[in-house]
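Trainee: Just so it is clear, I am handing over structure-v9.tsv, which has TSV, C-alpha atoms.
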```
chain	number	residue	atom	x	y	z
H	93	MET	CA	-38.75	5.51	-38.40
H	94	SER	CA	-38.51	4.61	-42.07
H	95	GLN	CA	-36.66	1.34	-41.38
H	96	GLY	CA	-39.70	-0.13	-39.60
H	97	PRO	CA	-40.36	-1.06	-35.98
H	98	ARG	CA	-38.10	-4.14	-35.86
H	99	SER	CA	-34.97	-2.37	-37.04
H	100	GLY	CA	-35.90	0.66	-34.92
H	101	LEU	CA	-36.06	-1.51	-31.82
H	102	ALA	CA	-32.70	-3.07	-32.71
H	103	ALA	CA	-31.17	0.41	-33.02
H	104	VAL	CA	-32.52	1.41	-29.61
H	105	SER	CA	-31.19	-1.82	-28.09
H	106	SER	CA	-27.74	-1.19	-29.58
H	107	ALA	CA	-27.73	2.35	-28.22
H	108	LEU	CA	-28.70	1.21	-24.70
H	109	LEU	CA	-26.06	-1.53	-24.69
H	110	ALA	CA	-23.41	0.98	-25.79
H	111	MET	CA	-24.29	3.30	-22.88
H	112	SER	CA	-24.12	0.49	-20.33
H	113	ARG	CA	-20.52	-0.38	-21.24
H	114	HIS	CA	-19.00	2.77	-19.76
H	115	LEU	CA	-18.55	3.99	-16.19
H	116	GLU	CA	-16.69	7.29	-16.53
H	117	VAL	CA	-19.03	10.29	-16.89
H	118	ARG	CA	-17.22	11.73	-19.92
H	119	ASP	CA	-17.37	8.39	-21.75
H	120	VAL	CA	-21.07	8.02	-20.96
H	121	LEU	CA	-21.81	11.51	-22.30
H	122	LYS	CA	-19.95	10.82	-25.54
H	123	THR	CA	-21.73	7.49	-25.98
H	124	ILE	CA	-25.16	9.05	-25.39
H	125	VAL	CA	-24.52	11.72	-28.03
H	126	ALA	CA	-23.11	9.31	-30.61
H	127	SER	CA	-25.94	6.83	-29.98
H	128	ALA	CA	-28.61	9.51	-30.34
H	129	ARG	CA	-27.16	10.81	-33.60
H	130	ASP	CA	-26.88	7.30	-35.02
H	131	LEU	CA	-30.35	6.27	-33.81
H	132	LEU	CA	-32.14	9.21	-35.46
H	133	ASP	CA	-29.75	9.61	-38.42
H	134	ALA	CA	-28.97	13.24	-37.64
H	135	GLN	CA	-26.06	15.29	-38.93
H	136	TYR	CA	-25.30	16.85	-35.55
H	137	ALA	CA	-25.89	15.98	-31.90
H	138	ALA	CA	-24.86	17.55	-28.62
H	139	LEU	CA	-25.37	17.15	-24.89
H	140	GLY	CA	-24.84	19.86	-22.32
H	141	VAL	CA	-24.57	19.32	-18.56
H	142	PRO	CA	-25.49	22.62	-16.87
H	143	ASP	CA	-23.54	24.21	-14.07
H	144	ASP	CA	-24.92	26.57	-11.44
H	145	HIS	CA	-23.56	29.73	-13.06
H	146	GLY	CA	-25.48	29.99	-16.33
H	147	GLY	CA	-23.01	27.91	-18.34
H	148	PHE	CA	-22.25	24.25	-18.93
H	149	ALA	CA	-19.98	22.12	-16.79
H	150	GLN	CA	-19.60	19.74	-19.75
H	151	PHE	CA	-20.66	19.99	-23.38
H	152	VAL	CA	-20.16	17.08	-25.76
H	153	VAL	CA	-20.77	17.19	-29.53
H	154	ASP	CA	-20.87	14.62	-32.32
H	155	GLY	CA	-20.69	15.39	-36.03
H	156	VAL	CA	-18.34	18.37	-35.59
H	157	SER	CA	-14.61	17.95	-36.25
H	158	ASP	CA	-12.01	18.98	-33.69
H	159	ASP	CA	-10.91	21.88	-35.90
H	160	GLN	CA	-14.50	23.10	-36.26
H	161	TRP	CA	-15.05	22.81	-32.53
H	162	ARG	CA	-11.93	24.85	-31.76
H	163	ALA	CA	-13.01	27.50	-34.26
H	164	ILE	CA	-16.47	27.81	-32.68
H	165	GLY	CA	-14.89	29.10	-29.47
H	166	PRO	CA	-16.05	29.00	-25.84
H	167	LEU	CA	-18.82	26.72	-24.61
H	168	PRO	CA	-22.33	28.11	-25.08
H	169	ARG	CA	-24.20	29.75	-22.25
H	170	GLN	CA	-27.62	28.68	-21.04
H	171	HIS	CA	-29.67	30.89	-23.33
H	172	GLY	CA	-32.26	30.65	-26.08
H	173	ILE	CA	-33.76	27.24	-26.76
H	174	LEU	CA	-31.12	25.46	-24.62
H	175	ALA	CA	-32.18	27.51	-21.61
H	176	ALA	CA	-35.86	26.83	-22.34
H	177	MET	CA	-35.22	23.08	-22.43
H	178	LEU	CA	-33.42	23.21	-19.09
H	179	ARG	CA	-35.95	25.53	-17.47
H	180	GLU	CA	-39.22	24.05	-18.76
H	181	ALA	CA	-37.94	20.43	-18.90
H	182	LYS	CA	-39.92	19.48	-22.01
H	183	ALA	CA	-39.15	18.37	-25.56
H	184	GLU	CA	-38.63	20.85	-28.39
H	185	ARG	CA	-39.20	19.79	-32.01
H	186	LEU	CA	-38.77	22.57	-34.57
H	187	ALA	CA	-38.90	22.72	-38.36
H	188	ASP	CA	-36.29	25.48	-38.41
H	189	VAL	CA	-34.55	26.51	-35.23
H	190	ARG	CA	-33.48	29.80	-36.85
H	191	LYS	CA	-37.12	30.96	-37.13
H	192	ASP	CA	-37.96	30.33	-33.49
H	193	PRO	CA	-38.38	33.61	-31.53
H	194	ARG	CA	-36.07	32.29	-28.82
H	195	PHE	CA	-33.19	31.78	-31.26
H	196	GLU	CA	-30.27	34.11	-30.42
H	197	GLY	CA	-27.74	33.17	-33.10
H	198	TRP	CA	-24.43	31.33	-32.94
H	199	PRO	CA	-20.72	31.99	-33.64
H	200	ALA	CA	-19.56	32.45	-37.25
H	201	ALA	CA	-17.79	29.06	-37.33
H	202	HIS	CA	-20.87	27.22	-36.01
H	203	PRO	CA	-22.45	24.77	-38.49
H	204	ASP	CA	-25.76	25.82	-40.01
H	205	LEU	CA	-28.66	24.06	-38.24
H	206	ALA	CA	-32.22	23.83	-39.48
H	207	ASP	CA	-34.61	21.19	-38.13
H	208	PHE	CA	-34.11	20.58	-34.43
H	209	LEU	CA	-35.10	18.00	-31.82
H	210	GLY	CA	-34.12	18.38	-28.20
H	211	LEU	CA	-35.22	17.28	-24.77
H	212	PRO	CA	-33.90	17.29	-21.21
H	213	ILE	CA	-32.32	14.28	-19.52
H	214	LYS	CA	-33.98	14.02	-16.12
H	215	ASP	CA	-33.51	12.02	-12.93
H	216	GLY	CA	-36.83	12.54	-11.20
H	217	GLU	CA	-37.26	16.29	-11.07
H	218	GLU	CA	-33.54	17.02	-11.49
H	219	VAL	CA	-32.42	18.02	-14.98
H	220	LEU	CA	-29.08	16.34	-15.60
H	221	GLY	CA	-28.55	17.73	-19.08
H	222	ALA	CA	-29.99	18.79	-22.41
H	223	LEU	CA	-29.73	16.49	-25.43
H	224	PHE	CA	-30.43	17.81	-28.90
H	225	LEU	CA	-30.06	16.83	-32.54
H	226	ALA	CA	-30.17	18.82	-35.75
H	227	ASN	CA	-30.41	18.31	-39.52
H	228	LYS	CA	-32.02	14.89	-39.92
H	229	ARG	CA	-30.72	13.09	-42.99
H	230	CYS	CA	-33.96	12.56	-44.90
H	231	PRO	CA	-36.16	14.33	-47.48
H	232	ARG	CA	-37.97	17.13	-45.66
H	233	PRO	CA	-41.56	18.08	-46.43
H	234	GLU	CA	-41.91	21.67	-47.58
H	235	GLY	CA	-41.94	23.83	-44.49
H	236	GLY	CA	-41.98	20.79	-42.20
H	237	CYS	CA	-39.59	19.26	-39.73
H	238	GLY	CA	-37.31	16.38	-40.64
H	239	PHE	CA	-37.77	14.87	-37.18
H	240	THR	CA	-41.03	13.02	-36.59
H	241	GLN	CA	-43.19	12.29	-33.58
H	242	GLU	CA	-41.78	8.76	-33.62
H	243	ASP	CA	-38.26	10.18	-33.54
H	244	GLU	CA	-39.22	12.20	-30.48
H	245	GLU	CA	-40.61	9.11	-28.75
H	246	LEU	CA	-37.46	7.11	-29.52
H	247	LEU	CA	-35.25	9.90	-28.22
H	248	ALA	CA	-37.37	10.07	-25.05
H	249	ILE	CA	-36.71	6.35	-24.45
H	250	LEU	CA	-33.01	6.92	-25.01
H	251	ALA	CA	-33.03	9.91	-22.65
H	252	GLN	CA	-34.62	7.89	-19.85
H	253	HIS	CA	-31.89	5.26	-20.06
H	254	ALA	CA	-29.27	7.97	-20.51
H	255	ALA	CA	-30.35	9.40	-17.15
H	256	ILE	CA	-29.78	6.00	-15.53
H	257	ALA	CA	-26.37	5.56	-17.22
H	258	LEU	CA	-25.29	9.09	-16.28
H	259	THR	CA	-26.46	8.69	-12.67
H	260	ASN	CA	-24.60	5.38	-12.37
H	261	ALA	CA	-21.46	6.95	-13.83
H	262	ARG	CA	-21.63	9.80	-11.33
H	263	LEU	CA	-22.07	7.32	-8.47
H	264	TYR	CA	-19.11	5.33	-9.77
H	265	GLU	CA	-16.88	8.40	-9.91
H	266	ARG	CA	-18.03	9.41	-6.44
H	267	SER	CA	-17.18	5.93	-5.23
H	268	ARG	CA	-13.72	6.26	-6.77
H	269	GLU	CA	-13.26	9.59	-5.01
H	270	LEU	CA	-14.22	8.01	-1.69
H	271	THR	CA	-11.80	5.15	-2.37
H	272	ILE	CA	-9.00	7.64	-2.98
H	273	ALA	CA	-9.90	9.45	0.25
H	274	GLU	CA	-9.87	6.13	2.07
H	275	GLU	CA	-6.47	5.34	0.58
H	276	ARG	CA	-5.11	8.71	1.68
H	277	SER	CA	-6.35	8.06	5.21
H	278	ARG	CA	-4.73	4.64	5.19
H	279	LEU	CA	-1.48	6.16	3.92
H	280	ALA	CA	-1.52	8.68	6.77
H	281	HIS	CA	-1.70	5.81	9.25
H	282	GLU	CA	1.07	3.97	7.38
H	283	LEU	CA	3.31	7.01	7.55
H	284	HIS	CA	2.53	7.53	11.22
H	285	ASP	CA	3.22	3.90	12.11
H	286	ALA	CA	6.32	3.47	10.00
H	287	VAL	CA	8.09	6.58	8.73
H	288	SER	CA	7.30	8.75	11.75
H	289	GLN	CA	8.61	6.16	14.15
H	290	LYS	CA	11.81	5.72	12.16
H	291	LEU	CA	12.30	9.48	11.97
H	292	PHE	CA	11.84	9.68	15.73
H	293	SER	CA	14.47	6.96	16.21
H	294	LEU	CA	16.72	8.76	13.75
H	295	ARG	CA	16.48	11.98	15.75
H	296	LEU	CA	17.31	10.25	19.03
H	297	THR	CA	20.25	8.42	17.45
H	298	ALA	CA	21.58	11.65	15.94
H	299	GLN	CA	21.36	13.33	19.36
H	300	ALA	CA	23.28	10.44	20.93
H	301	ALA	CA	25.94	10.69	18.24
H	302	ALA	CA	26.34	14.42	18.85
H	303	ALA	CA	26.79	13.83	22.59
H	304	LEU	CA	29.50	11.19	21.93
H	305	VAL	CA	31.55	13.03	19.30
H	306	ASP	CA	34.02	14.55	21.78
H	307	ARG	CA	34.34	11.86	24.46
H	308	ASP	CA	33.92	8.66	22.41
H	309	PRO	CA	34.42	9.19	18.63
H	310	THR	CA	34.27	5.45	17.89
H	311	ARG	CA	30.83	5.05	19.42
H	312	ALA	CA	29.74	8.29	17.76
H	313	LYS	CA	30.76	6.83	14.39
H	314	GLY	CA	28.61	3.77	15.07
H	315	GLU	CA	25.64	5.93	15.98
H	316	LEU	CA	26.06	7.95	12.77
H	317	HIS	CA	26.09	4.71	10.79
H	318	GLN	CA	22.80	3.82	12.47
H	319	VAL	CA	21.44	7.25	11.47
H	320	ALA	CA	22.20	6.47	7.83
H	321	CYS	CA	20.44	3.09	8.07
H	322	LEU	CA	17.35	4.58	9.69
H	323	ALA	CA	17.17	7.31	7.05
H	324	ALA	CA	17.35	4.72	4.27
H	325	GLU	CA	14.61	2.64	5.91
H	326	ALA	CA	12.39	5.72	6.27
H	327	ALA	CA	12.85	6.52	2.59
H	328	ASP	CA	11.94	2.94	1.63
H	329	GLU	CA	8.83	3.05	3.82
H	330	LEU	CA	7.75	6.28	2.16
H	331	ARG	CA	8.24	4.85	-1.34
H	332	ALA	CA	6.27	1.74	-0.35
H	333	ALA	CA	3.35	3.79	0.93
H	334	VAL	CA	3.28	5.93	-2.22
H	335	VAL	CA	3.25	2.82	-4.42
H	336	GLU	CA	0.33	1.40	-2.44
H	337	LEU	CA	-1.58	4.66	-2.94
H	338	ARG	CA	-1.69	4.31	-6.72
H	339	PRO	CA	-4.93	2.48	-7.61
H	340	ALA	CA	-4.47	3.42	-11.29
H	341	ALA	CA	-1.79	0.74	-11.57
H	342	LEU	CA	-4.52	-1.87	-11.26
H	343	ASP	CA	-6.36	-0.51	-14.30
H	344	GLU	CA	-3.17	-0.17	-16.33
H	345	ASP	CA	-1.17	-3.23	-15.28
H	346	GLY	CA	-3.71	-5.75	-13.97
H	347	LEU	CA	-3.87	-7.50	-10.62
H	348	LEU	CA	-0.82	-9.77	-10.91
H	349	ALA	CA	1.61	-7.05	-11.99
H	350	THR	CA	0.28	-4.65	-9.33
H	351	LEU	CA	0.61	-7.21	-6.54
H	352	ARG	CA	4.07	-8.25	-7.74
H	353	THR	CA	5.26	-4.63	-7.71
H	354	GLN	CA	3.86	-3.92	-4.27
H	355	THR	CA	5.30	-7.06	-2.69
H	356	GLN	CA	8.71	-6.24	-4.18
H	357	VAL	CA	8.60	-2.76	-2.66
H	358	LEU	CA	7.47	-4.09	0.72
H	359	ASP	CA	10.22	-6.73	0.61
H	360	ARG	CA	12.79	-3.94	0.29
H	361	ALA	CA	11.17	-1.76	2.92
H	362	HIS	CA	10.87	-4.38	5.70
H	363	THR	CA	13.17	-6.86	7.38
H	364	ALA	CA	10.63	-9.64	6.73
H	365	ARG	CA	10.92	-11.56	3.45
H	366	VAL	CA	7.88	-10.78	1.27
H	367	THR	CA	7.25	-13.04	-1.74
H	368	PHE	CA	4.62	-13.36	-4.46
H	369	THR	CA	3.54	-16.32	-6.61
H	370	SER	CA	0.72	-16.93	-9.10
H	371	ASN	CA	-0.66	-19.93	-10.91
H	372	GLY	CA	-3.12	-20.09	-13.82
H	373	PHE	CA	-4.75	-16.75	-13.01
H	374	ARG	CA	-6.91	-15.09	-15.66
H	375	ALA	CA	-8.38	-11.59	-15.68
H	376	LEU	CA	-11.47	-11.01	-13.53
H	377	PRO	CA	-14.12	-8.26	-13.44
H	378	ALA	CA	-12.58	-4.97	-12.33
H	379	SER	CA	-14.56	-4.86	-9.07
H	380	GLN	CA	-13.28	-8.30	-8.04
H	381	GLU	CA	-9.66	-7.48	-8.89
H	382	GLU	CA	-9.87	-4.27	-6.86
H	383	ALA	CA	-11.35	-6.13	-3.89
H	384	LEU	CA	-8.59	-8.76	-4.07
H	385	LEU	CA	-5.95	-6.02	-4.15
H	386	ARG	CA	-7.42	-4.18	-1.14
H	387	VAL	CA	-7.69	-7.37	0.92
H	388	ALA	CA	-4.10	-8.27	0.04
H	389	GLN	CA	-2.95	-4.81	1.14
H	390	GLU	CA	-4.82	-5.04	4.44
H	391	ALA	CA	-3.48	-8.54	5.14
H	392	LEU	CA	0.08	-7.45	4.30
H	393	HIS	CA	-0.27	-4.45	6.59
H	394	ASN	CA	-1.35	-6.69	9.48
H	395	ALA	CA	1.42	-9.21	8.88
H	396	LEU	CA	4.22	-6.66	8.57
H	397	ARG	CA	3.12	-4.30	11.34
H	398	HIS	CA	1.70	-6.58	14.00
H	399	SER	CA	2.78	-10.21	13.60
H	400	GLY	CA	6.58	-10.02	13.81
H	401	ALA	CA	6.73	-12.40	10.83
H	402	ALA	CA	10.04	-13.32	9.20
H	403	HIS	CA	8.31	-14.39	5.96
H	404	VAL	CA	5.07	-13.28	4.33
H	405	ASP	CA	3.87	-14.93	1.12
H	406	VAL	CA	1.16	-13.68	-1.22
H	407	SER	CA	-0.25	-16.05	-3.82
H	408	VAL	CA	-3.03	-15.86	-6.42
H	409	GLU	CA	-4.26	-18.88	-8.30
H	410	ARG	CA	-7.15	-19.80	-10.53
H	411	ARG	CA	-10.03	-21.79	-9.02
H	412	GLY	CA	-12.82	-22.73	-11.43
H	413	GLY	CA	-13.91	-19.57	-13.20
H	414	GLY	CA	-12.62	-17.37	-10.40
H	415	ALA	CA	-9.55	-17.03	-8.22
H	416	VAL	CA	-8.16	-17.47	-4.72
H	417	LEU	CA	-5.91	-14.97	-2.95
H	418	ARG	CA	-3.86	-16.29	-0.05
H	419	VAL	CA	-1.68	-14.22	2.32
H	420	THR	CA	0.34	-16.38	4.74
H	421	ASP	CA	2.80	-15.32	7.44
H	422	ASP	CA	4.89	-17.16	10.01
H	423	GLY	CA	4.32	-14.55	12.69
H	424	SER	CA	2.91	-14.65	16.20
H	425	GLY	CA	-0.64	-15.44	15.10
H	426	PHE	CA	-3.73	-14.78	17.21
H	427	ASP	CA	-6.99	-16.28	18.36
H	428	PRO	CA	-9.64	-14.81	15.98
H	429	THR	CA	-12.42	-15.23	18.57
H	430	THR	CA	-10.43	-13.45	21.29
H	431	VAL	CA	-9.56	-10.61	18.92
H	432	ARG	CA	-13.22	-10.22	18.01
H	433	ARG	CA	-14.33	-10.10	21.65
H	434	ALA	CA	-11.64	-7.54	22.43
H	435	GLY	CA	-12.90	-5.29	19.65
H	436	ARG	CA	-9.61	-5.45	17.73
H	437	HIS	CA	-10.56	-6.79	14.33
H	438	LEU	CA	-7.23	-6.17	12.56
H	439	GLY	CA	-9.22	-5.10	9.51
H	440	LEU	CA	-11.05	-8.45	9.33
H	441	VAL	CA	-14.47	-6.80	9.17
H	442	SER	CA	-13.51	-4.56	6.24
H	443	MET	CA	-11.86	-7.51	4.45
H	444	ARG	CA	-14.99	-9.62	4.84
H	445	ASP	CA	-17.11	-6.71	3.62
H	446	ARG	CA	-14.92	-6.32	0.54
H	447	ALA	CA	-15.10	-10.04	-0.21
H	448	GLY	CA	-18.87	-10.20	0.28
H	449	GLY	CA	-19.38	-7.07	-1.80
H	450	VAL	CA	-18.11	-8.86	-4.93
H	451	GLY	CA	-19.78	-12.20	-4.26
H	452	GLY	CA	-16.71	-13.75	-2.64
H	453	SER	CA	-15.81	-15.25	0.72
H	454	LEU	CA	-13.03	-14.76	3.27
H	455	THR	CA	-11.57	-17.29	5.67
H	456	VAL	CA	-9.00	-16.69	8.41
H	457	GLU	CA	-6.83	-19.41	9.94
H	458	SER	CA	-4.64	-18.40	12.88
H	459	ALA	CA	-3.57	-19.44	16.35
H	460	PRO	CA	-1.09	-17.99	18.85
H	461	GLY	CA	2.43	-18.90	17.77
H	462	LYS	CA	1.20	-20.57	14.56
H	463	GLY	CA	1.14	-17.69	12.07
H	464	THR	CA	-1.86	-16.56	10.02
H	465	THR	CA	-3.38	-17.42	6.65
H	466	ILE	CA	-6.03	-15.17	5.11
H	467	GLU	CA	-7.76	-16.61	2.06
H	468	MET	CA	-10.22	-14.81	-0.21
H	469	GLU	CA	-12.09	-16.52	-3.03
H	470	VAL	CA	-14.08	-14.78	-5.78
H	471	PRO	CA	-16.30	-16.50	-8.35
H	472	GLY	CA	-15.15	-14.66	-11.49
H	473	GLY	CA	-17.47	-13.20	-14.09
```
What is this structure when it is put down as structure tokens?

Mentor:
Amino acid sequence: MSQGPRSGLAAVSSALLAMSRHLEVRDVLKTIVASARDLLDAQYAALGVPDDHGGFAQFVVDGVSDDQWRAIGPLPRQHGILAAMLREAKAERLADVRKDPRFEGWPAAHPDLADFLGLPIKDGEEVLGALFLANKRCPRPEGGCGFTQEDEELLAILAQHAAIALTNARLYERSRELTIAEERSRLAHELHDAVSQKLFSLRLTAQAAAALVDRDPTRAKGELHQVACLAAEAADELRAAVVELRPAALDEDGLLATLRTQTQVLDRAHTARVTFTSNGFRALPASQEEALLRVAQEALHNALRHSGAAHVDVSVERRGGGAVLRVTDDGSGFDPTTVRRAGRHLGLVSMRDRAGGVGGSLTVESAPGKGTTIEMEVPGG
């Protein structure tokens, strides 16, 4: 590159750092394209992720305005030079793409491209996408290509790291999908344990009221009042489960606000008093906040469903550079060793796994008749 090797290396480093900051696939694609265009000083850049039907599942451009992009029309198909890059999995550097025998034209609103540099983004033998740039901003030798061999080598380095960033983003999104599936499964159990049981009680109470209407109207009135109470409790349980299902609240509101909201809903939905306090907490890495939230949810579930507690308290406080979550109840308690031998872990294994997965630790203090305290500590970032 004309700037020299030191500034070229700095540009590559900046591009790689930019790609590593994002986890969503769409954001990674946009960052790759923008980084490539900036790195090689091109007028246009694009990245296409192929589908299995001759088109592109995603196609991201940089250097084209939104109005221009809308005027161009539908996404391109896998044809011409794009198809060759995907099929042959090798770099293409052309002085004038329009003179290549594989060129098949473009829509009327498409910008005019001349010199061209493109190469596939590969993970092993799998082609993840095709990255290409056009119209390098530099004086062009007569009949030559504005992109140089050094440009091609720099883009190849970028493409290798782009493959890593894109693979990581896909794994992250898959992990999020699995988390949502796990949450849906947990919600099904919540509904079965709570709402379904209340609805069953409601049906029996309504049947009793119907049988008493003629011979004992006063008792029938009392049973109908109980029907109304059970219906209200079932509705509250349902709202609580739906609130717990929304992991997006953590991203939007942060850990403290999300926990405060969920404890307030659970306090309304259950006869036990559920409270929340915090002290000196500061934001943590997203993975640690999510783990703290999931452990709090599991501990709350245990306390409210199994312990018979009258009061459950959730607290989060700062400790060093990290934080401590504590969920305490005054319920029946249990002997952790006996529970483990009996094979009933009350979610303790999954809670420990979540804590360990983010570099944290989990401790459980409980004894029959003495309530339970579950404490999770994370180191921060």

Trainee: Counting all atoms listed in the file, which of H:Glu469, H:Thr240, H:Val120, H:Ala163 gets nearest to Tyr264 of chain H?

Mentor: H:Val120

Trainee: Using only C-alpha atoms, find the one residue out of H:Asp204, H:Ile466, H:Ala395, H:Arg444 that sits nearest to Arg418 of chain H.

Mentor: H:Ile466

Trainee: Closest to Leu109 of chain H among H:Thr353, H:Gly221, H:His253, H:Ala303, using only C-alpha atoms?

Mentor: H:His253

Trainee: Residues near Pro168 of chain H, anyone? I mean within 10 Å using only C-alpha atoms, not counting same-chain ones fewer than 5 positions away, as a ChimeraX atom specification.

Mentor: /H:140,146-148,151,174,198-199

Trainee: Using only C-alpha atoms, which protein or nucleic acid residues come within 10 Å of Gly451 of chain H? Drop anything in the same chain fewer than 5 positions from it, and give the result as a ChimeraX atom specification.

Mentor: /H:380,445-446,469-472

Trainee: Quick one: distance from atom CA of Val189 of chain H to atom CA of Asp207 of chain H in Å, one decimal?

Mentor: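 About the pair atom CA of Val189 of chain H and atom CA of Asp207 of chain H: they are 6.1 Å apart.
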
Trainee: Name the residues in contact with Gly425 of chain H at a cut-off of 6 Å, using only C-alpha atoms, excluding same-chain residues fewer than 2 positions from it; report them as a compact mmCIF listing (two decimals) with C-alpha atoms, in the coordinates of the input.

Mentor:
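The file below, selection-v9.txt, is the result:
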```txt
# COMPACT_ATOMS: atom_id res chain seq x y z
CA GLY H 423 4.32 -14.55 12.69
CA SER H 458 -4.64 -18.40 12.88
CA ALA H 459 -3.57 -19.44 16.35
CA PRO H 460 -1.09 -17.99 18.85
CA GLY H 461 2.43 -18.90 17.77
CA LYS H 462 1.20 -20.57 14.56
CA GLY H 463 1.14 -17.69 12.07
CA THR H 464 -1.86 -16.56 10.02
```

Trainee: Work out how far apart atom CA of Ala175 of chain H and atom CA of Pro142 of chain H are and give it in Å to one decimal.

Mentor: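 Answer for the atom CA of Ala175 of chain H to atom CA of Pro142 of chain H separation: 9.5 Å.
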
Trainee: For the contact check between segment 403-449 of chain H and segment 362-368 of chain H, emit one row per residue of segment 403-449 of chain H within 7 Å, containing the shortest atom pair and the distance in Å rounded to one decimal, counting all atoms listed in the file, chain then rising number order, as CSV.

Mentor:
```
residue,atom,partner,partner_atom,distance
H:His403,CA,H:Arg365,CA,4.6
H:Val404,CA,H:Val366,CA,4.8
H:Asp405,CA,H:Thr367,CA,4.8
H:Val406,CA,H:Phe368,CA,4.8
H:Ser407,CA,H:Phe368,CA,5.6
```

Trainee: Pick the closest to Pro428 of chain H from H:Val456, H:Val219, H:Val441, H:Leu263: which is it, counting all atoms listed in the file?

Mentor: H:Val456

Trainee: Report the distance between atom CA of Asp243 of chain H and atom CA of Ala137 of chain H in Å, rounded to one decimal place.

Mentor: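 Computed distance, atom CA of Asp243 of chain H to atom CA of Ala137 of chain H, equals 13.8 Å.
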
Trainee: I'd like to know which of H:Ala206, H:Val387, H:Ala326, H:Ala126 is closest to Arg190 of chain H, using all atoms listed in the file.

Mentor: H:Ala206

Trainee: Compare H:Glu315, H:Glu409, H:Asp188, H:Glu116 by their minimum atom-to-atom distance to Leu294 of chain H, counting all atoms listed in the file, and give me the closest one.

Mentor: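 Checking each candidate against Leu294 of chain H, we get H:Glu315 as the closest.
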